[in-house]
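Asks: Just dropping this structure here.
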Amino acid sequence: MESAFWHSRWASDEIGLHQEDVSPLLYRYWDSLRVSPRGLVFVPLCGKSTDMLWLAKHDFHIVGVELDKSSAERFFIENKLESHVDQRHSMRRYRASTLPITIYQGDFFNLPKSVIHECDVVLDRGSLVALPDVTRRAYSEKLKTDLSSNAEMLLISIEHCLADGPPYSLNHTDINALFGAQYRVGKLGEGRETVNGEGVQTVAYHLLPWALSIQSKRERQC
């Protein structure tokens, strides 16, 4: 992962992908997923996203991973959350005292499979589009390898005609090329956000493992 680039971006607060508000597409489409309350939600490249707060306050348990140490610490400071910090799996682990939120600070690719494999659902809001092509493919392979066969994803992508990223513009064809062999990639809907001062189209996708997709189809037919 391009560590120096992202550390410098966080140091200068030049993270166009970070949004202060909870994603409107998360509000709108979270109930489209099969995850039940108290389910475990994995948030890769989480930064200091307030999406984690919204999910935790709705009784979901959150596990995030963030490369930048200052960003992980600022999430707890800015949201006035006390945290316990220790070392786990060679990474710094931050655990909120009053909400079910844990953030592992370090490289996503160093996160052990045991952490990801326990998760019921992945919330990717701007993670995939933050990565260049080679890293993006490695990212998708790690998710496909480490997640359980029942884990689904809510993926919020960005489509734009601006200069090359990050964020990079990814459409349904791009996402299906990365995940389509293992997931049914369904488009849920669209929205608008401002990234790097420009208005862009955001698109929510539901990635459902094919086995669950077939099961759901059978249930509807009964």
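Chains: A, B, ... in order of the structure tokens. Residues: from 1 per chain. Ligands: from 1, in order shown.
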Contacts between stretch 52-74 of chain A and stretch 86-160 of chain A, please, where a residue of stretch 86-160 of chain A counts if it comes within 9 Å (with only C-alpha atoms); show its shortest atom pair and distance in Å to one decimal, rows by chain and ascending number, as CSV.

Replies:
residue,atom,partner,partner_atom,distance
A:Arg92,CA,A:Lys69,CA,8.6
A:Tyr94,CA,A:Ala72,CA,7.9
A:Leu99,CA,A:Ala56,CA,6.4
A:Pro100,CA,A:His61,CA,5.0
A:Ile101,CA,A:Ile62,CA,4.7
A:Thr102,CA,A:Val63,CA,4.9
A:Ile103,CA,A:Gly64,CA,4.5
A:Tyr104,CA,A:Val65,CA,4.6
A:Gln105,CA,A:Glu66,CA,5.0
A:Gly106,CA,A:Leu67,CA,4.5
A:Asp107,CA,A:Leu67,CA,5.1
A:Phe108,CA,A:Val65,CA,6.2
A:Leu111,CA,A:Val65,CA,8.0
A:Val115,CA,A:Val63,CA,8.3
A:Ile116,CA,A:Val63,CA,8.5
A:Cys119,CA,A:Val63,CA,8.2

Asks: List as a list of chain:residue names the protein and nucleic acid residues near A:Arg192, meaning an atom at most 9 Å away when only C-alpha atoms are counted, but skip any in the same chain fewer than 3 places from it.

Replies: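 These residues fall inside the cut-off: A:Pro24, A:Gly199, A:Val200, A:Gln201, A:Thr202, A:Val203.
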
Asks: Give me, as an MDAnalysis selection string, all polymer residues having an atom no more than 9 Å from stretch 148-156 of chain A, counting only C-alpha atoms and skipping those fewer than 5 positions away in the same chain.

Replies: chainID A and resid 25:26 29:30 33:35 116:129 182:183 202:209 211:212

Asks: Can you work out the spacing between atom CA of A:Val43 and atom CA of A:Leu143 in Å, to one decimal?

Replies: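 Taking atom CA of A:Val43 and atom CA of A:Leu143, their separation equals 11.4 Å.
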
Asks: Identify, with DSSP run on backbone atoms, the residues in stretch 10-222 of chain A assigned to strand (DSSP E or B), and express the list as a PyMOL selection string.

Replies: chain A and resi 40-44+61-66+83-88+91-96+101-105+121-125+152-159+183-195+198-209

Asks: What does the structure give for the distance between atom CA of A:Ile77 and atom CA of A:Ser49, in Å to one decimal?

Replies: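 So the two atoms, atom CA of A:Ile77 and atom CA of A:Ser49, lie 12.7 Å apart.
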
Asks: From the options A:Asp133, A:Asp86, A:Glu78, A:Glu141, which residue's atoms come nearest to A:Phe179, counting only C-alpha atoms?

Replies: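 Residue with the minimum atom-to-atom distance to A:Phe179: A:Glu141.
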
Asks: Find the spatial neighbours of A:His89, counting only C-alpha atoms, within a cut-off of 9 Å - ignore same-chain residues fewer than 4 positions away - and output them as a ChimeraX atom specification.

Replies: /A:93,110-112

Asks: Quick one: of A:Trp210, A:Leu131, A:Glu193, A:Ser140, who's nearest to A:Val22, counting only C-alpha atoms?

Replies: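 With only C-alpha atoms as the atom set, the closest residue is A:Glu193.
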
Asks: Please indicate the distance in Å from atom CA of A:Ser169 to atom CA of A:Asn196, rounded to one decimal place.

Replies: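 That distance, rounded to one decimal, is 13.5 Å.
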
Asks: How would you write, as a PyMOL selection string, the set of residues in stretch 14-95 of chain A that DSSP gives as alpha helix (DSSP H)?

Replies: chain A and resi 24-29+51-57+69-78
